[in-house]
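Just work.txt here, compact mmCIF, C-alpha atoms:
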```txt
# COMPACT_ATOMS: atom_id res chain seq x y z
CA MET A 1 120.27 106.16 182.13
CA ASN A 2 121.75 105.24 185.48
CA LYS A 3 121.48 107.59 188.41
CA LYS A 4 125.20 108.53 188.42
CA LEU A 5 125.18 109.43 184.69
CA LEU A 6 121.97 111.47 185.12
CA THR A 7 123.57 113.37 187.99
CA ASN A 8 126.62 114.17 185.89
CA VAL A 9 124.49 115.38 182.96
CA LEU A 10 122.42 117.64 185.21
CA ALA A 11 125.57 119.07 186.77
CA LEU A 12 126.99 119.75 183.32
CA LEU A 13 123.81 121.50 182.20
CA ALA A 14 123.76 123.58 185.36
CA ALA A 15 127.31 124.74 184.67
CA ILE A 16 126.37 126.12 181.23
CA PRO A 17 125.69 129.85 181.62
CA ALA A 18 122.19 131.05 180.82
CA PHE A 19 121.73 132.81 177.47
CA SER A 20 119.64 135.97 177.62
CA GLN A 21 118.21 138.15 174.89
CA LYS A 22 115.72 140.99 174.55
CA SER A 23 113.76 141.43 171.33
CA PHE A 24 111.45 144.38 170.69
CA ASP A 25 110.17 146.75 168.02
CA VAL A 26 111.34 150.35 167.77
CA THR A 27 108.80 152.74 166.26
CA ILE A 28 110.36 155.63 164.34
CA ALA A 29 107.97 158.46 163.49
CA ASN A 30 108.68 161.25 161.02
CA ASN A 31 106.07 163.91 161.76
CA TYR A 32 107.41 166.12 159.00
CA SER A 33 106.41 167.01 155.45
CA LYS A 34 109.69 165.76 153.94
CA ALA A 35 111.11 162.26 153.72
CA LYS A 36 114.25 161.61 155.75
CA THR A 37 117.18 159.57 154.45
CA ASN A 38 120.16 158.11 156.31
CA VAL A 39 118.64 158.88 159.71
CA PRO A 40 120.95 157.86 162.58
CA ILE A 41 119.03 156.08 165.33
CA VAL A 42 120.78 155.75 168.69
CA LEU A 43 119.37 153.67 171.57
CA GLU A 44 120.65 153.93 175.13
CA LEU A 45 121.20 150.38 176.42
CA LYS A 46 121.22 150.88 180.18
CA GLY A 47 117.46 150.42 180.48
CA TYR A 48 117.26 146.92 179.03
CA GLY A 49 118.61 144.96 181.97
CA ILE A 50 121.34 142.97 180.23
CA ASP A 51 125.03 143.45 179.50
CA VAL A 52 124.75 143.69 175.70
CA LYS A 53 127.52 141.88 173.80
CA SER A 54 125.90 141.65 170.36
CA ALA A 55 122.81 142.90 168.55
CA LEU A 56 120.72 142.33 165.44
CA VAL A 57 118.51 144.92 163.70
CA THR A 58 115.99 144.13 160.96
CA ASP A 59 114.18 146.76 158.89
CA GLY A 60 111.15 145.40 157.02
CA GLY A 61 112.40 141.90 157.81
CA LYS A 62 115.83 142.62 156.27
CA GLU A 63 118.97 142.70 158.39
CA ILE A 64 120.71 146.09 158.36
CA PRO A 65 124.13 147.10 159.73
CA CYS A 66 124.26 148.20 163.34
CA GLN A 67 126.98 148.83 165.87
CA LEU A 68 127.51 148.79 169.62
CA ASP A 69 129.60 151.47 171.28
CA ASP A 70 131.24 151.74 174.69
CA ILE A 71 131.15 155.53 174.95
CA ASN A 72 132.78 155.90 178.38
CA GLN A 73 135.25 153.06 177.72
CA ASP A 74 134.39 151.10 180.88
CA GLY A 75 134.04 147.77 179.08
CA VAL A 76 130.23 147.87 178.85
CA ASN A 77 128.39 148.83 175.66
CA ASP A 78 126.35 152.00 176.20
CA GLU A 79 124.64 152.59 172.85
CA LEU A 80 123.24 150.76 169.84
CA CYS A 81 123.27 152.67 166.55
CA PHE A 82 121.76 151.98 163.14
CA ILE A 83 120.73 154.06 160.10
CA THR A 84 117.41 154.01 158.27
CA ASP A 85 115.07 156.01 156.00
CA VAL A 86 111.58 157.25 156.93
CA ASP A 87 108.96 158.57 154.52
CA LYS A 88 107.31 161.95 155.12
CA ASN A 89 104.45 162.10 157.63
CA SER A 90 104.80 158.43 158.45
CA SER A 91 106.21 155.93 160.91
CA LYS A 92 107.91 152.56 160.65
CA LYS A 93 108.88 149.70 162.93
CA VAL A 94 112.36 148.27 163.17
CA ASN A 95 113.04 145.11 165.17
CA VAL A 96 115.96 145.03 167.58
CA THR A 97 117.37 141.97 169.36
CA LEU A 98 119.98 142.37 172.09
CA TYR A 99 122.13 139.45 173.29
CA ASP A 100 124.29 139.09 176.39
CA LYS A 101 126.60 136.67 174.55
CA GLY A 102 128.39 136.46 171.25
CA THR A 103 130.46 138.86 169.16
CA GLN A 104 129.00 141.71 167.18
CA LYS A 105 128.76 140.94 163.45
CA ASP A 106 131.52 142.51 161.36
CA TYR A 107 129.57 144.51 158.74
CA GLU A 108 131.35 146.18 155.83
CA SER A 109 132.53 149.53 157.13
CA GLN A 110 131.10 152.73 155.67
CA VAL A 111 133.41 154.94 157.75
CA TYR A 112 137.07 155.05 158.77
CA VAL A 113 139.17 156.67 161.50
CA GLU A 114 142.87 156.68 162.32
CA MET A 115 145.53 158.07 164.66
CA LEU A 116 149.22 157.54 163.87
CA LEU A 117 152.55 158.47 165.35
CA SER A 118 154.96 159.91 162.78
CA ASN A 119 157.56 157.33 161.82
CA ARG A 120 160.70 159.15 160.68
CA LYS A 121 162.04 155.94 159.14
CA VAL A 122 159.14 156.01 156.65
CA LYS A 123 159.62 158.85 154.18
CA GLU A 124 156.28 158.55 152.38
CA THR A 125 153.52 160.63 153.95
CA ASN A 126 150.85 158.13 152.91
CA LYS A 127 152.56 154.98 154.21
CA GLN A 128 152.93 155.70 157.91
CA ASN A 129 152.49 152.61 160.09
CA LEU A 130 152.53 153.47 163.82
CA TYR A 131 148.79 153.23 164.51
CA ILE A 132 147.50 154.19 167.96
CA SER A 133 144.08 154.57 169.60
CA GLN A 134 144.75 157.31 172.16
CA LEU A 135 147.31 159.73 173.51
CA THR A 136 147.45 161.94 176.61
CA VAL A 137 150.05 164.66 177.16
CA ASP A 138 150.86 166.95 180.07
CA ASN A 139 150.76 170.72 180.05
CA GLY A 140 153.66 172.16 178.05
CA THR A 141 153.89 169.15 175.72
CA ASN A 142 152.92 169.77 172.09
CA PRO A 143 152.39 166.54 170.13
CA TYR A 144 151.41 168.36 166.91
CA TRP A 145 154.48 167.17 165.00
CA THR A 146 154.61 163.82 166.81
CA LEU A 147 151.28 162.73 165.33
CA HIS A 148 150.90 162.08 161.63
CA HIS A 149 148.37 164.49 160.09
CA HIS A 150 148.62 166.26 163.47
CA GLY A 151 145.74 164.42 165.17
CA ALA A 152 142.87 162.02 164.64
CA ALA A 153 141.34 161.91 161.14
CA PHE A 154 138.01 160.34 160.19
CA GLU A 155 135.75 160.02 157.15
CA ASN A 156 132.74 158.59 155.39
CA ASP A 157 132.47 158.32 151.61
CA MET A 158 131.61 162.04 151.18
CA VAL A 159 133.74 164.00 153.64
CA ALA A 160 136.76 163.74 155.94
CA TYR A 161 137.80 165.73 159.00
CA ARG A 162 140.85 165.93 161.26
CA ILE A 163 141.41 167.54 164.67
CA TYR A 164 144.72 169.20 165.50
CA PHE A 165 146.28 167.89 168.70
CA ASP A 166 147.70 171.14 170.08
CA HIS A 167 146.55 174.32 171.83
CA ARG A 168 144.40 175.22 168.80
CA GLN A 169 142.45 171.93 168.54
CA THR A 170 141.36 173.15 165.12
CA VAL A 171 138.93 171.11 163.04
CA ASP A 172 140.28 170.86 159.48
CA ILE A 173 138.80 169.25 156.35
CA TYR A 174 139.70 167.00 153.40
CA GLY A 175 137.64 167.32 150.21
CA LYS A 176 136.88 164.52 147.77
CA TYR A 177 136.17 164.13 144.07
CA LEU A 178 134.47 160.74 144.22
CA LYS A 179 132.35 159.00 146.83
CA ARG A 180 134.66 156.50 148.53
CA LEU A 181 136.76 155.88 151.61
CA GLU A 182 140.30 157.15 151.06
CA LEU A 183 142.17 157.99 154.26
CA LYS A 184 143.60 154.52 154.80
CA GLU A 185 145.36 154.93 151.44
CA THR A 186 146.18 158.65 151.37
CA GLN A 187 146.56 159.33 155.12
CA PHE A 188 145.40 162.90 154.38
CA TYR A 189 148.41 163.42 152.04
CA PRO A 190 147.79 161.91 148.57
CA ASP A 191 150.80 161.34 146.35
CA ASP A 192 150.94 162.40 142.69
CA LYS A 193 149.63 159.06 141.46
CA GLN A 194 146.65 159.24 143.81
CA LYS A 195 145.91 162.83 142.81
CA ALA A 196 145.89 161.74 139.17
CA ALA A 197 143.33 159.08 140.14
CA GLN A 198 141.10 161.82 141.66
CA TYR A 199 141.80 161.09 145.27
CA GLY A 200 140.94 163.97 147.59
CA ASP A 201 143.20 166.32 149.52
CA ASP A 202 143.43 168.98 152.19
CA VAL A 203 141.20 171.80 150.90
CA LEU A 204 141.39 174.43 153.65
CA TRP A 205 144.18 176.50 155.21
CA VAL A 206 143.20 177.10 158.84
CA GLY A 207 146.24 178.60 160.60
CA SER A 208 145.14 179.91 163.98
CA THR A 209 141.56 180.59 162.89
CA LEU A 210 138.46 178.70 164.03
CA GLY A 211 138.84 176.31 161.08
CA LEU A 212 135.46 174.61 160.90
CA GLY A 213 133.53 174.69 164.17
CA THR A 214 136.48 174.62 166.56
CA LEU A 215 135.44 175.26 170.19
CA ARG A 216 137.52 177.83 172.05
CA GLY A 217 137.26 180.36 174.86
CA TRP A 218 136.34 184.05 174.52
CA ASP A 219 138.20 186.97 176.12
CA GLY A 220 135.56 189.60 175.35
CA LYS A 221 137.03 190.52 171.99
CA LYS A 222 138.32 187.39 170.29
CA PRO A 223 138.54 183.58 170.60
CA THR A 224 141.20 182.24 172.96
CA MET A 225 143.22 179.07 172.45
CA LEU A 226 143.23 176.06 174.78
CA GLU A 227 146.68 176.83 176.16
CA ASP A 228 146.10 176.72 179.92
CA VAL A 229 145.35 172.98 180.15
CA ASP A 230 146.74 170.47 182.69
CA LYS A 231 146.34 167.47 180.39
CA ARG A 232 144.94 167.07 176.90
CA SER A 233 143.91 163.82 175.23
CA GLN A 234 142.61 162.39 171.98
CA ARG A 235 141.28 158.88 171.61
CA ILE A 236 139.22 156.84 169.20
CA ILE A 237 135.98 155.69 170.81
CA SER A 238 134.39 154.02 167.79
CA ARG A 239 135.75 152.82 164.44
CA GLY A 240 132.48 151.94 162.67
CA PRO A 241 130.98 150.34 160.70
CA ILE A 242 128.38 153.14 160.48
CA ARG A 243 129.81 155.90 162.67
CA THR A 244 133.14 157.06 164.00
CA ILE A 245 133.54 158.81 167.36
CA VAL A 246 136.66 160.72 168.39
CA GLU A 247 137.02 162.03 171.94
CA VAL A 248 139.00 165.20 172.71
CA LYS A 249 139.53 165.90 176.42
CA ASP A 250 140.99 168.94 178.17
CA LYS A 251 141.49 168.63 181.93
CA GLY A 252 142.01 171.74 184.00
CA TRP A 253 141.26 174.24 181.23
CA THR A 254 140.91 177.95 182.13
CA PRO A 255 138.83 179.54 179.32
CA GLN A 256 139.25 183.08 180.70
CA PRO A 257 141.89 184.51 183.04
CA GLY A 258 140.76 184.57 186.67
CA MET A 259 138.19 181.77 186.20
CA GLN A 260 138.30 178.41 187.94
CA PRO A 261 139.58 175.56 185.74
CA ILE A 262 137.06 173.25 184.16
CA ASP A 263 137.32 169.82 182.50
CA MET A 264 135.89 169.53 179.01
CA THR A 265 135.21 166.39 176.96
CA ALA A 266 134.11 166.75 173.33
CA LEU A 267 132.87 163.89 171.15
CA TYR A 268 133.12 164.34 167.37
CA THR A 269 130.73 161.92 165.66
CA LEU A 270 130.45 161.26 161.91
CA TYR A 271 127.75 158.96 160.51
CA ALA A 272 127.70 157.11 157.20
CA GLY A 273 125.77 158.96 154.50
CA ARG A 274 125.88 162.36 156.27
CA ARG A 275 128.02 165.44 155.65
CA GLU A 276 127.75 166.86 159.13
CA CYS A 277 129.91 166.15 162.15
CA HIS A 278 128.18 166.26 165.54
CA VAL A 279 130.05 168.10 168.30
CA ASP A 280 128.80 167.03 171.75
CA VAL A 281 130.54 168.66 174.70
CA LYS A 282 130.35 167.64 178.35
CA PHE A 283 131.85 169.61 181.26
CA ASN A 284 132.61 168.24 184.72
CA LYS A 285 130.38 170.90 186.30
CA PRO A 286 127.79 173.50 185.23
CA ALA A 287 129.54 175.91 182.86
CA SER A 288 127.16 178.88 182.95
CA GLY A 289 129.90 181.27 184.06
CA TYR A 290 132.14 180.64 181.03
CA LEU A 291 132.03 182.41 177.69
CA LEU A 292 133.08 180.25 174.75
CA SER A 293 133.33 180.69 171.02
CA THR A 294 132.98 178.75 167.80
CA GLY A 295 132.40 179.45 164.11
CA PHE A 296 134.59 179.04 161.04
CA ILE A 297 137.39 180.66 159.07
CA ASN A 298 136.71 183.63 156.82
CA VAL A 299 137.81 182.02 153.55
CA LYS A 300 139.30 184.65 151.24
CA ASN A 301 136.79 186.46 149.03
CA SER A 302 133.99 184.44 150.56
CA THR A 303 130.31 185.26 150.45
CA GLU A 304 128.36 184.76 153.66
CA PHE A 305 124.97 183.42 154.65
CA SER A 306 123.25 183.65 158.04
CA ASP A 307 119.66 183.16 159.14
CA LYS A 308 120.50 185.04 162.39
CA LYS A 309 119.15 182.02 164.29
CA GLY A 310 122.23 179.84 164.60
CA LEU A 311 122.74 178.78 160.98
CA ARG A 312 125.73 180.31 159.22
CA GLY A 313 127.77 179.51 156.15
CA CYS A 314 130.32 180.81 153.68
CA TRP A 315 131.62 180.01 150.19
CA GLY A 316 135.08 181.05 149.07
CA THR A 317 138.36 180.17 147.38
CA ASP A 318 141.91 180.17 148.76
CA TRP A 319 145.15 178.20 148.85
CA PRO A 320 144.73 175.17 151.14
CA VAL A 321 148.27 175.47 152.53
CA SER A 322 150.68 178.23 153.48
CA ALA A 323 152.43 180.10 150.65
CA LYS A 324 155.75 178.29 151.21
CA ASP A 325 154.02 174.89 150.80
CA SER A 326 151.83 175.78 147.81
CA VAL A 327 153.89 173.86 145.22
CA GLY A 328 151.80 170.94 143.93
CA HIS A 329 148.56 172.45 145.21
CA LYS A 330 145.81 174.47 143.56
CA ARG A 331 143.39 177.00 144.96
CA GLU A 332 140.42 175.26 146.52
CA THR A 333 136.79 176.36 146.67
CA VAL A 334 134.79 175.21 149.69
CA GLY A 335 131.47 175.75 151.36
CA LEU A 336 131.46 175.77 155.17
CA GLY A 337 128.51 175.60 157.54
CA ILE A 338 127.61 175.49 161.22
CA TYR A 339 124.38 175.16 163.15
CA VAL A 340 124.38 176.25 166.81
CA PRO A 341 121.01 176.08 168.63
CA GLU A 342 119.84 179.58 169.56
CA LYS A 343 119.74 178.77 173.27
CA TYR A 344 123.56 178.73 173.32
CA ILE A 345 124.16 181.95 171.37
CA VAL A 346 125.27 185.09 173.18
CA SER A 347 126.13 186.97 169.98
CA GLU A 348 126.83 186.45 166.31
CA GLU A 349 130.02 188.37 165.69
CA PRO A 350 130.55 190.29 162.44
CA ALA A 351 133.10 188.75 160.10
CA ASN A 352 136.69 189.89 160.51
CA LYS A 353 139.80 188.93 158.55
CA ASP A 354 140.03 185.61 160.40
CA ASN A 355 136.61 184.30 161.38
CA TYR A 356 132.88 184.21 161.23
CA ALA A 357 132.43 183.70 164.97
CA TYR A 358 129.74 183.08 167.57
CA VAL A 359 130.06 183.84 171.26
CA ILE A 360 128.28 181.01 173.07
CA LYS A 361 127.55 179.71 176.54
CA THR A 362 125.55 176.96 178.20
CA ASP A 363 123.45 177.05 181.35
CA THR A 364 124.13 173.37 182.03
CA ASP A 365 127.15 171.06 181.81
CA GLU A 366 126.50 170.23 178.12
CA LEU A 367 126.78 171.89 174.73
CA HIS A 368 125.75 170.52 171.33
CA TYR A 369 126.15 171.81 167.77
CA GLN A 370 126.93 170.54 164.27
CA ILE A 371 129.33 171.44 161.47
CA THR A 372 129.37 170.59 157.76
CA PHE A 373 131.16 171.38 154.51
CA CYS A 374 131.49 170.64 150.81
CA SER A 375 134.30 170.90 148.28
CA ASP A 376 133.80 172.27 144.78
CA ASN A 377 135.86 169.28 143.57
CA GLU A 378 133.01 166.89 144.36
CA THR A 379 131.33 165.16 141.44
CA PHE A 380 128.31 164.63 143.69
CA GLY A 381 128.02 167.92 145.60
CA TYR A 382 127.57 171.68 145.28
CA HIS A 383 129.34 174.17 143.01
CA LYS A 384 127.74 177.57 143.63
CA ASP A 385 127.26 179.54 146.81
CA LYS A 386 123.50 179.86 146.36
CA ASP A 387 123.15 176.08 146.01
CA TRP A 388 125.28 175.55 149.11
CA TYR A 389 123.19 177.99 151.13
CA GLU A 390 119.99 176.25 150.01
CA PHE A 391 121.49 172.98 151.25
CA LEU A 392 122.33 174.59 154.61
CA LYS A 393 118.73 175.74 155.04
CA GLU A 394 117.43 172.28 154.19
CA TRP A 395 119.99 170.76 156.56
CA LYS A 396 118.86 172.91 159.49
CA ASP A 397 115.25 172.14 158.62
CA ASP A 398 116.08 168.43 158.83
CA VAL A 399 118.07 168.78 162.08
CA THR A 400 115.34 170.80 163.82
CA HIS A 401 112.60 168.29 162.89
CA PRO A 402 114.04 165.06 164.34
CA VAL A 403 112.27 161.74 164.20
CA VAL A 404 110.49 160.51 167.33
CA ILE A 405 111.68 157.15 168.66
CA LYS A 406 109.52 154.90 170.81
```

Can you present the structure in this file as structure tokens?
Amino acid sequence: MNKKLLTNVLALLAAIPAFSQKSFDVTIANNYSKAKTNVPIVLELKGYGIDVKSALVTDGGKEIPCQLDDINQDGVNDELCFITDVDKNSSKKVNVTLYDKGTQKDYESQVYVEMLLSNRKVKETNKQNLYISQLTVDNGTNPYWTLHHHGAAFENDMVAYRIYFDHRQTVDIYGKYLKRLELKETQFYPDDKQKAAQYGDDVLWVGSTLGLGTLRGWDGKKPTMLEDVDKRSQRIISRGPIRTIVEVKDKGWTPQPGMQPIDMTALYTLYAGRRECHVDVKFNKPASGYLLSTGFINVKNSTEFSDKKGLRGCWGTDWPVSAKDSVGHKRETVGLGIYVPEKYIVSEEPANKDNYAYVIKTDTDELHYQITFCSDNETFGYHKDKDWYEFLKEWKDDVTHPVVIK
């Protein structure tokens, strides 16, 4: 090779960007007397020293689905997530490889999320086509009727949730008969043909109640809506394949009259293979001076369960829509549940005609709790209140004995 050709080759090689990767084992320990299934594992990426563009996870030498998420939407992936099982009183190693190049593998999705604008030219409620990823509105603007199914909706194969985009910000639910993803086809409003094929439907009337785990203010006697807000936003942070994340943001919210406004950002996260939705709230400053509330609707004729330590549930039957819209619907039986860590609880309020409520507060700028539900329509779920309450106790037991990740 002549000197000129060698120089050109070396220059070409020097111009090729370096390829970096980090490969390591993650040890997951279950120091608990029960096996854990479908355990979400989330790794923060900022400590690994590379701008992660793609990742590979192997469990027992077998590749498993994983996903990268840019939580703060700054163009840099913040978290790696995957799901695994761990036997009781045991630990396992999972291998993770992070790359600063490439595109993340497109695994088959086990979850789904959507936001749509209502298209008046399309008459069918399950064939809307104006898909969006985010929307921000100013104070005084109510996009409730502008958005199809009134806000973001998301699901896995067992459950589906939606969040109203108005001053209520209510969390509502969609119950299923069969384990499958459905929202892309039904858009929360199944037609007669889909109902005949055992597609799910809206199973809860929420009105102005707390719905399921809605976060609101507290005026000393009752929950307050999120009316005094400068700007409110919804956006889809993650679309899967193993978890969805929806962000709800309220800037300049005054939870109680006379208080200074505060900014609140809530992330609603649903994992594949899990009933519960995680509610993770972040304020722009310490929020110790604010009283808040959450809980769930008092379903008509419902029985109630509470362990008086943050776990609460009910089981009841009611129409899932208002009386004027009840044609084509049947009464629905549901089980609702919430787990709020005791450190946040100021009081557990007695049930009234609207809600089973908690008054809560945080001494920091964060707040975390979880919500869950089942529909009596499910071929795979629960059909009696006592069975539902046993599940809730097992669920809290699982939540309060997390795996240890090293």

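What separates atom CA of Asp191 of chain A from atom CA of Phe380 of chain A is a distance of 22.9 Å.
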
Residues at most 12 Å from Asp87 of chain A, counting only C-alpha atoms, excluding those fewer than 4 positions away in the same chain, as a tab-separated table (two decimals) with C-alpha atoms, in the coordinates of the input?
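Writing the result to around38.tsv gives the following:
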```
chain	number	residue	atom	x	y	z
A	28	ILE	CA	110.36	155.63	164.34
A	29	ALA	CA	107.97	158.46	163.49
A	30	ASN	CA	108.68	161.25	161.02
A	31	ASN	CA	106.07	163.91	161.76
A	32	TYR	CA	107.41	166.12	159.00
A	33	SER	CA	106.41	167.01	155.45
A	34	LYS	CA	109.69	165.76	153.94
A	35	ALA	CA	111.11	162.26	153.72
A	36	LYS	CA	114.25	161.61	155.75
A	37	THR	CA	117.18	159.57	154.45
A	38	ASN	CA	120.16	158.11	156.31
A	39	VAL	CA	118.64	158.88	159.71
A	91	SER	CA	106.21	155.93	160.91
A	92	LYS	CA	107.91	152.56	160.65
A	403	VAL	CA	112.27	161.74	164.20
```

Requested in this report: Go through A:Arg168, A:Lys249, A:Lys308, A:His329 one by one, measure the shortest atom-to-atom distance of each to Val206 of chain A using only C-alpha atoms, and give the residue with the smallest value.
Outcome: A:Arg168

Query raised in the report: When distances are computed from all atoms listed in the file, which of A:Lys179, A:Lys62, A:Lys93, A:Lys251 shows the smallest separation from Val404 of chain A?
Result: A:Lys93

Requested in this report: Identify, on the basis of all atoms listed in the file, every residue whose closest approach to Asn142 of chain A does not exceed 12 Å; exclude the query and any residue fewer than 6 positions from it along the same chain; express the result as a list of chain:residue names.
Outcome: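 Close residues of Asn142 of chain A: A:Leu135, A:Thr136, A:His150, A:Gly151, A:Tyr164, A:Phe165, A:Asp166, A:His167, A:Arg168, A:Gln169, A:Leu226, A:Glu227, A:Val229, A:Lys231, A:Arg232, A:Ser233.
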
Could those residues be written to a file, using C-alpha atoms, as a PDB file, keeping the file's coordinate frame?
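Dumped everything to result09.pdb:
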```
ATOM      1  CA  LEU A 135     147.310 159.730 173.510  1.00  0.00           C
ATOM      2  CA  THR A 136     147.450 161.940 176.610  1.00  0.00           C
ATOM      3  CA  HIS A 150     148.620 166.260 163.470  1.00  0.00           C
ATOM      4  CA  GLY A 151     145.740 164.420 165.170  1.00  0.00           C
ATOM      5  CA  TYR A 164     144.720 169.200 165.500  1.00  0.00           C
ATOM      6  CA  PHE A 165     146.280 167.890 168.700  1.00  0.00           C
ATOM      7  CA  ASP A 166     147.700 171.140 170.080  1.00  0.00           C
ATOM      8  CA  HIS A 167     146.550 174.320 171.830  1.00  0.00           C
ATOM      9  CA  ARG A 168     144.400 175.220 168.800  1.00  0.00           C
ATOM     10  CA  GLN A 169     142.450 171.930 168.540  1.00  0.00           C
ATOM     11  CA  LEU A 226     143.230 176.060 174.780  1.00  0.00           C
ATOM     12  CA  GLU A 227     146.680 176.830 176.160  1.00  0.00           C
ATOM     13  CA  VAL A 229     145.350 172.980 180.150  1.00  0.00           C
ATOM     14  CA  LYS A 231     146.340 167.470 180.390  1.00  0.00           C
ATOM     15  CA  ARG A 232     144.940 167.070 176.900  1.00  0.00           C
ATOM     16  CA  SER A 233     143.910 163.820 175.230  1.00  0.00           C
TER      17      SER A 233
END
```

Query raised in the report: Out of A:Asp25, A:Asp318, A:Asp228, A:Asp157, which residue has the shortest atom-to-atom distance to Arg243 of chain A when counting all atoms listed in the file?
Result: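 Of the candidates, the smallest distance to Arg243 of chain A is held by A:Asp157.
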
Report task. Skip segment 319-322 of chain A itself and residues of its chain fewer than 3 positions away, then list as a list in words all residues within 9 Å of it, counting only C-alpha atoms. Result ->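 Residues near the query, excluding close chain neighbours: Asp202, Val203, Leu204, Trp205, Val206, Gly207, Asp325, Ser326, His329, Lys330, Arg331, Glu332 and Thr333 of chain A.
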
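Distance-wise, atom CA of His368 of chain A and atom CA of Glu79 of chain A end up 18.0 Å apart.
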
Requested in this report: Choose the residue, out of A:Trp315, A:Gln21, A:Gln370, A:Lys309, that has the smallest atom-to-atom separation from Asp280 of chain A; count only C-alpha atoms.
Outcome: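 Ranking A:Trp315, A:Gln21, A:Gln370, A:Lys309 by distance to Asp280 of chain A, first place goes to A:Gln370.
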
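Atom CA of Ser208 of chain A is found 27.2 Å from atom CA of Arg274 of chain A.
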
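Using all atoms listed in the file, the shortest contact distance between Glu63 of chain A and any of A:Thr294, A:Thr97, A:Asn89, A:Asn301 is found at A:Thr97.
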
Query raised in the report: So, counting only C-alpha atoms, which residue among A:Lys393, A:Lys127, A:Lys105, A:His148 is closest to Asp307 of chain A?
Result: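 Selected residue with least distance to Asp307 of chain A: A:Lys393.
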
Box along x, y and z, 5 Å on every side, all listed atoms of segment 396-406 of chain A inside: centre and edge lengths in Å to one decimal, as AutoDock Vina command-line options.
```
--center_x 114.2 --center_y 163.9 --center_z 164.7 --size_x 19.3 --size_y 28.0 --size_z 22.2
```

Requested in this report: Find the residues around Gly295 of chain A up to 7 Å (all atoms listed in the file counted), leave out those fewer than 3 positions away in its own chain, and share them as a count of residues only.
Outcome: 9
